[in-house]
Amino acid sequence: MEKCEGKSCSSCEKRHQESKDEILRCKLDRIKYKLIVMSGKGGVGKSSVAVYCALELANRGYRVGLMDVDLHGPSVPRMLGLQGLLGVTPNQEIMPHRYGRNLQVVSIESLLQDRDSAVIWRGPIKHGVIKQFIADIEWGDLDFLVIDCPPGTGDEPLSIAHIIPEAQAVIVTTPQEVALADVRKSINFCRKVGLNILGIVENMAGLYCPHCGGFVPIFKTGGGEKTAKDMGIAFLGSLPFNPAVVEAGDSGKPILEKNPGDPFSDAVKTVVDEIVARLQLVPPCRMATN
Ligand SMILES: Nc1ncnc2c1ncn2[C@@H]1O[C@H](COP(=O)(O)OP(=O)(O)OP(=O)(O)O)[C@@H](O)[C@H]1O
């Protein structure tokens, strides 16, 4: 072992860093599947897809962690109605928020005293925070870690690709060409940094009129599926536009609980069926739903 040279000793620092990286690896080894939910364009519904897929997986009895790495614009705690700061365990690890029996949630918003304060960080700090979101959190054993990223191919998805190279991407888009152009960038990003792509989800793919029940393709439909086909990627399904999803996101009461059996909730189930099938997962033997 190298001898310590006192204050700011580089060999101590190196050992400290190595042990931190070991803790990070240990934590990741206790999580079976890591899904990074990303998109080329903002506002296409990434956080909603991350939240609803995480909820549906938890409802099926899988143990799920939901990690919001949208550090500048976190929305997951609000969507789930989670308030208050995260607690600390006796061994100084941070406890995630619990949502029901099977879902645990971590977001920068739950670590800030003032929810509305702006996070002004450059890439290296964000990289460190994302590492801490895994290493310093008491996640325990998980079947899934669902990671909600900000839009684009910037610091956060790049950090995830570096820290969790085994993560698999779920790319969210809306059906119109302006969004699809950015999706192709996300796909090329994943290919460049070596992230496996699980598939594409098309969101806001038409509206069922609440008055006549007719189908209105507000942003067109089918663009996500066509892009998936053109780029040789799996298509995981389409979610319709549903005004109740906006209301549910604002009120912190997800629609899956409030309104089972509507077209949006059914479509979420189909997407999760596809994810589970693609990962060739057996249903969990713990029969506890969320
Ligand atoms: N299928 C849908 N039907 C109706 N509203 C939706 C649907 N999906 C998302 N929304 C709404 O659209 C808005 C943006 O969704 P969301 O925050 O999930 O997008 P995002 O891609 O994560 O945004 P950002 O790029 O800002 O991170 C929210 O108000 C949300 O409730």
# chains A, B, ... in the order shown; residues from 1 in each chain; ligands from 1
>>> residues_near_ligand(ligand="ligand 1", cutoff="10 Å", atoms="only C-alpha atoms and all ligand atoms", output="PyMOL selection string")
chain A and resi 37-52+68-76+79+148-152+172-174+202-207+238-251+254+264-265+267-268
>>> closest_atom_pairs(of="region 148-183 of chain A", to="region 121-137 of chain A", cutoff="12 Å", atoms="only C-alpha atoms", output="tab-separated table")
residue	atom	partner	partner_atom	distance
A:Asp148	CA	A:Ile130	CA	11.7
A:Cys149	CA	A:Ile130	CA	10.9
A:Gly154	CA	A:Gly123	CA	8.7
A:Asp155	CA	A:Gly123	CA	5.5
A:Glu156	CA	A:Lys126	CA	7.1
A:Pro157	CA	A:His127	CA	9.8
A:Leu158	CA	A:His127	CA	8.8
A:Ser159	CA	A:His127	CA	5.6
A:Ile160	CA	A:Ile130	CA	7.7
A:Ala161	CA	A:His127	CA	10.8
A:His162	CA	A:His127	CA	9.3
A:Ile163	CA	A:Lys131	CA	7.1
A:Ile164	CA	A:Lys131	CA	9.5
>>> select_by_dssp(residues="region 19-254 of chain A", states="helix (DSSP H, G or I)", output="PyMOL selection string")
chain A and resi 19-29+46-59+76-79+108-111+123-135+155-163+177-193+223-230+243-251
>>> atom_distance(atom1="CA of Asp273 (chain A)", atom2="CA of Leu236 (chain A)")
8.8 Å
>>> closest_residue(among="A:Asp21, A:Asp143, A:Glu166, A:Glu138", to="Val106 (chain A)", atoms="only C-alpha atoms")
A:Glu138
>>> residues_around(residues="Trp139 (chain A)", least_positions_apart="5", cutoff="8 Å", atoms="only C-alpha atoms", output="list of chain:residue names")
A:Lys27, A:Gly65, A:Met95, A:Pro96, A:Gln104, A:Ile134
>>> write_last_selection(atoms="C-alpha atoms", output="tab-separated table (two decimals), in the first residue's frame")
chain	number	residue	atom	x	y	z
A	27	LYS	CA	-25.16	-1.06	-5.72
A	65	GLY	CA	-36.57	2.32	-8.45
A	95	MET	CA	-33.65	6.75	1.80
A	96	PRO	CA	-35.71	7.10	-1.39
A	104	GLN	CA	-38.94	3.90	-4.66
A	134	ILE	CA	-26.76	5.46	-6.98
>>> select_by_dssp(residues="region 11-53 of chain A", states="strand (DSSP E)", output="PyMOL selection string")
chain A and resi 31-38
>>> residues_around(residues="Pro77 (chain A)", least_positions_apart="4", cutoff="9 Å", atoms="only C-alpha atoms", output="count of residues only")
11
